[in-house]
Amino acid sequence: MAEEANITRVNLADRSYDIQIGSGNLGSLSPFLQSRCSSNHAVLITDTHVDPLYADKLGDQLAEHQWEVHVLVVDAGELSKCAEVASDLWETMLEEGTDRQSIVVAVGGGVVGDLAGYVAATFTRGLGFFQVPTTLLAQVDSSVGGKVGINLPGAKNMVGAFWQPLGVLIDVDVLATLPEREYRAGLGEVVKYGVILDADFFAYLEQNTGAINAHDGPTLTHIVERCCRLKADVVEQDERETTGLRAVLNYGHTFAHAFEAAGNYGELLHGEAVSIGMMCAARLAERMGRVDRSFVDRQLALLESLSLPVATPNYDGEELLALMHRDKKVDDGQIRFVLPDRLGHVELVKEVRVEDVLASLEA
Ligand code: NAD
Ligand code: GLY
């Protein structure tokens, strides 16, 4: 059972929910679900890495608490976030008697959360769903806010929905089994929050790189809590990304999604692509006179001290530009970029010259 758990509330009228953040609280999944829905049939969706570590045991826990449980396992990795895998899940759920009273529980990283959430949003026009994020990236970002979806070849997250979970259960202990490269990738999104919303948090990260690199538990709990609160604040104000506010969460992502697509989703991890993309966005902001060199250097120093990649991969600039034109933030044929004007503050900017975008790819 959890020794202590913090609750972060996401206030969205009748779609409000709790994010419970703690250490050892996976043991209380059943009561967490039972107090937030009236179902007794849970479809746990997970991947091949997380199933033997956590999801299988969570399935047993639910069964012991009189749930009917089906555990559906997809291949680990970004390539599972696609229409074919979603279709397989729909068909299996139908065969196994899933109906409108059933719930979906996503146990895994952002891939599982996005995919399972999309399947939940669409099966019988919408099932209740819960997130149990098991990567740092999913705990600080993707499990919160209700963006769910799948990729099309060459177009990341192009098909999806806004479908809020009924609750998010975060146990920071599961990060102990996360491969080091995946842990680092999650830190890319963590740094993002400091740059876009919270200069004090950015300074906290700078002052605690030793503890972060040592995976210190209390430091990680603080980081997860702060990121969830920052994301919840944004989502509460612009749930469906209609005012431009929520778009700030995509700092570095226009570049990042192009890098991921150019590498067929198999070369860079999402958080790594975000790290490199944030450096491109910072240089673009510097070229446009929005920030000075010290901003770029400070962001670079933090990313490097967390061992995140910062160098642009060797893809063709014109190809990247074409991929960026498929970004969902494209408006009237123009790519819009989230750019900083100071630490802790960014804006969505439309008037950006192509030559500046190409130049910002290079350090
Ligand atoms: P991921 O889901 O692929 O997980 C990374 C790897 O870690 C996988 O191999 C997984 O099996 C393994 N893993 C997960 N938890 C583990 C654990 N505790 N111990 C050992 N191994 C574990 O990748 P991710 O970085 O979590 O998520 C990336 C995805 O999230 C991308 O598709 C991205 O687009 C999406 N995303 C979505 C949002 C959103 O708001 N919906 C936000 C950010 C990112
Ligand atoms: N990760 C971007 C968002 O949730 O809006």
# chains A, B, ... in the order shown; residues from 1 in each chain; ligands from 1
>>> closest_atom_pairs(of="chain A", to="ligand 2", cutoff="9 Å", atoms="only C-alpha atoms and all ligand atoms", output="JSON lines")
{"residue": "A:Asp141", "atom": "CA", "partner": "ligand 2", "partner_atom_place_in_ligand_line": "1 (N)", "distance": 6.2}
{"residue": "A:Ser142", "atom": "CA", "partner": "ligand 2", "partner_atom_place_in_ligand_line": "1 (N)", "distance": 6.0}
{"residue": "A:Ser143", "atom": "CA", "partner": "ligand 2", "partner_atom_place_in_ligand_line": "4 (O)", "distance": 8.6}
{"residue": "A:Val144", "atom": "CA", "partner": "ligand 2", "partner_atom_place_in_ligand_line": "4 (O)", "distance": 7.1}
{"residue": "A:Gly145", "atom": "CA", "partner": "ligand 2", "partner_atom_place_in_ligand_line": "4 (O)", "distance": 5.6}
{"residue": "A:Gly146", "atom": "CA", "partner": "ligand 2", "partner_atom_place_in_ligand_line": "4 (O)", "distance": 7.3}
{"residue": "A:Lys147", "atom": "CA", "partner": "ligand 2", "partner_atom_place_in_ligand_line": "4 (O)", "distance": 5.8}
{"residue": "A:Val148", "atom": "CA", "partner": "ligand 2", "partner_atom_place_in_ligand_line": "4 (O)", "distance": 9.0}
{"residue": "A:Glu189", "atom": "CA", "partner": "ligand 2", "partner_atom_place_in_ligand_line": "1 (N)", "distance": 8.8}
{"residue": "A:Lys231", "atom": "CA", "partner": "ligand 2", "partner_atom_place_in_ligand_line": "4 (O)", "distance": 7.6}
{"residue": "A:Val234", "atom": "CA", "partner": "ligand 2", "partner_atom_place_in_ligand_line": "5 (O)", "distance": 8.5}
{"residue": "A:Val235", "atom": "CA", "partner": "ligand 2", "partner_atom_place_in_ligand_line": "5 (O)", "distance": 7.5}
{"residue": "A:Glu239", "atom": "CA", "partner": "ligand 2", "partner_atom_place_in_ligand_line": "5 (O)", "distance": 8.3}
{"residue": "A:Arg240", "atom": "CA", "partner": "ligand 2", "partner_atom_place_in_ligand_line": "5 (O)", "distance": 8.4}
{"residue": "A:Glu241", "atom": "CA", "partner": "ligand 2", "partner_atom_place_in_ligand_line": "5 (O)", "distance": 7.2}
{"residue": "A:Arg246", "atom": "CA", "partner": "ligand 2", "partner_atom_place_in_ligand_line": "5 (O)", "distance": 5.5}
{"residue": "A:Ala247", "atom": "CA", "partner": "ligand 2", "partner_atom_place_in_ligand_line": "5 (O)", "distance": 6.2}
{"residue": "A:Val248", "atom": "CA", "partner": "ligand 2", "partner_atom_place_in_ligand_line": "5 (O)", "distance": 7.8}
{"residue": "A:Leu249", "atom": "CA", "partner": "ligand 2", "partner_atom_place_in_ligand_line": "2 (C)", "distance": 4.9}
{"residue": "A:Asn250", "atom": "CA", "partner": "ligand 2", "partner_atom_place_in_ligand_line": "2 (C)", "distance": 5.5}
{"residue": "A:Tyr251", "atom": "CA", "partner": "ligand 2", "partner_atom_place_in_ligand_line": "2 (C)", "distance": 8.9}
{"residue": "A:His253", "atom": "CA", "partner": "ligand 2", "partner_atom_place_in_ligand_line": "2 (C)", "distance": 8.7}
>>> residues_around(residues="A:Val71", least_positions_apart="4", cutoff="6 Å", atoms="only C-alpha atoms", output="number ranges by chain")
A: 43-45
>>> closest_residue(among="A:Lys192, A:Arg181, A:His222, A:His41", to="A:Gly22", atoms="only C-alpha atoms")
A:His222
>>> residues_near_ligand(ligand="ligand 1", cutoff="6 Å", atoms="only C-alpha atoms and all ligand atoms", output="ChimeraX atom specification")
/A:47,49-50,76-78,108-112,114,134-135,137-138,141-142,147-148,174-175,177-179,182,270
>>> write_last_selection(atoms="C-alpha atoms", output="compact mmCIF listing (two decimals), in the first residue's frame")
# COMPACT_ATOMS: atom_id res chain seq x y z
CA ASP A 47 2.96 -3.78 -23.74
CA HIS A 49 7.87 -5.05 -21.49
CA VAL A 50 5.42 -3.79 -18.88
CA ALA A 76 6.48 -2.47 -26.99
CA GLY A 77 7.44 0.61 -28.99
CA GLU A 78 6.12 3.54 -31.00
CA GLY A 108 2.52 1.49 -19.60
CA GLY A 109 4.30 4.42 -21.17
CA GLY A 110 2.97 7.10 -23.49
CA VAL A 111 2.56 4.66 -26.36
CA VAL A 112 0.22 2.44 -24.37
CA ASP A 114 -2.19 7.15 -26.18
CA THR A 134 4.99 3.61 -15.98
CA THR A 135 7.56 5.81 -17.75
CA LEU A 137 7.52 10.76 -19.74
CA ALA A 138 4.05 9.34 -19.21
CA ASP A 141 3.07 14.49 -19.40
CA SER A 142 1.19 12.04 -21.58
CA LYS A 147 -4.96 13.68 -25.67
CA VAL A 148 -5.17 10.16 -27.06
CA VAL A 174 8.09 1.71 -11.17
CA LEU A 175 10.70 4.09 -12.59
CA THR A 177 13.01 -0.67 -13.80
CA LEU A 178 12.95 1.91 -16.60
CA PRO A 179 15.93 1.65 -18.98
CA GLU A 182 13.99 6.01 -21.45
CA HIS A 270 10.13 11.06 -28.35
>>> closest_residue(among="A:Val85, A:Ala359, A:Val224, A:Ala42", to="A:Glu318", atoms="only C-alpha atoms")
A:Ala359
>>> select_by_dssp(residues="stretch 123-354 of chain A", states="helix (DSSP H, G or I)", output="PyMOL selection string")
chain A and resi 123-125+136-142+172-177+180-197+199-207+209-213+217-237+246-250+253-262+270-287+293-305+317-324+354
>>> residues_around(residues="A:Lys156", least_positions_apart="5", cutoff="7 Å", atoms="only C-alpha atoms", output="list in words")
Asn151, His257 and Ala261 of chain A
>>> closest_residue(among="A:Leu268, A:Leu361, A:Ile150, A:Ile223", to="A:Phe201", atoms="only C-alpha atoms")
A:Ile223
>>> select_by_dssp(residues="stretch 158-349 of chain A", states="strand (DSSP E or B)", output="VMD selection string")
chain A and resid 158 to 162 167 to 171 331 334 337 to 342 345 to 349
>>> residues_around(residues="A:Ala121", least_positions_apart="2", cutoff="9 Å", atoms="only C-alpha atoms", output="VMD selection string")
chain A and resid 116 to 119 123 to 129 148 160 to 164
>>> residues_around(residues="stretch 275-284 of chain A", least_positions_apart="6", cutoff="8 Å", atoms="only C-alpha atoms", output="number ranges by chain")
A: 188-189, 192, 251-256, 291, 295-296, 299-300, 303, 308-312, 337-340, 356-357, 359-363
>>> closest_residue(among="A:Tyr54, A:Gly186, A:Asp198, A:Asp173", to="A:Asp216", atoms="only C-alpha atoms")
A:Asp173
>>> atom_distance(atom1="atom CA of A:Arg15", atom2="atom CA of A:Gln237")
13.4 Å
>>> closest_residue(among="A:Tyr17, A:Tyr265, A:Phe259, A:Trp67", to="A:Glu319", atoms="only C-alpha atoms")
A:Phe259
>>> residues_around(residues="A:Val330", least_positions_apart="3", cutoff="12 Å", atoms="only C-alpha atoms", output="ChimeraX atom specification")
/A:247,254,321-327,333-338,348-352
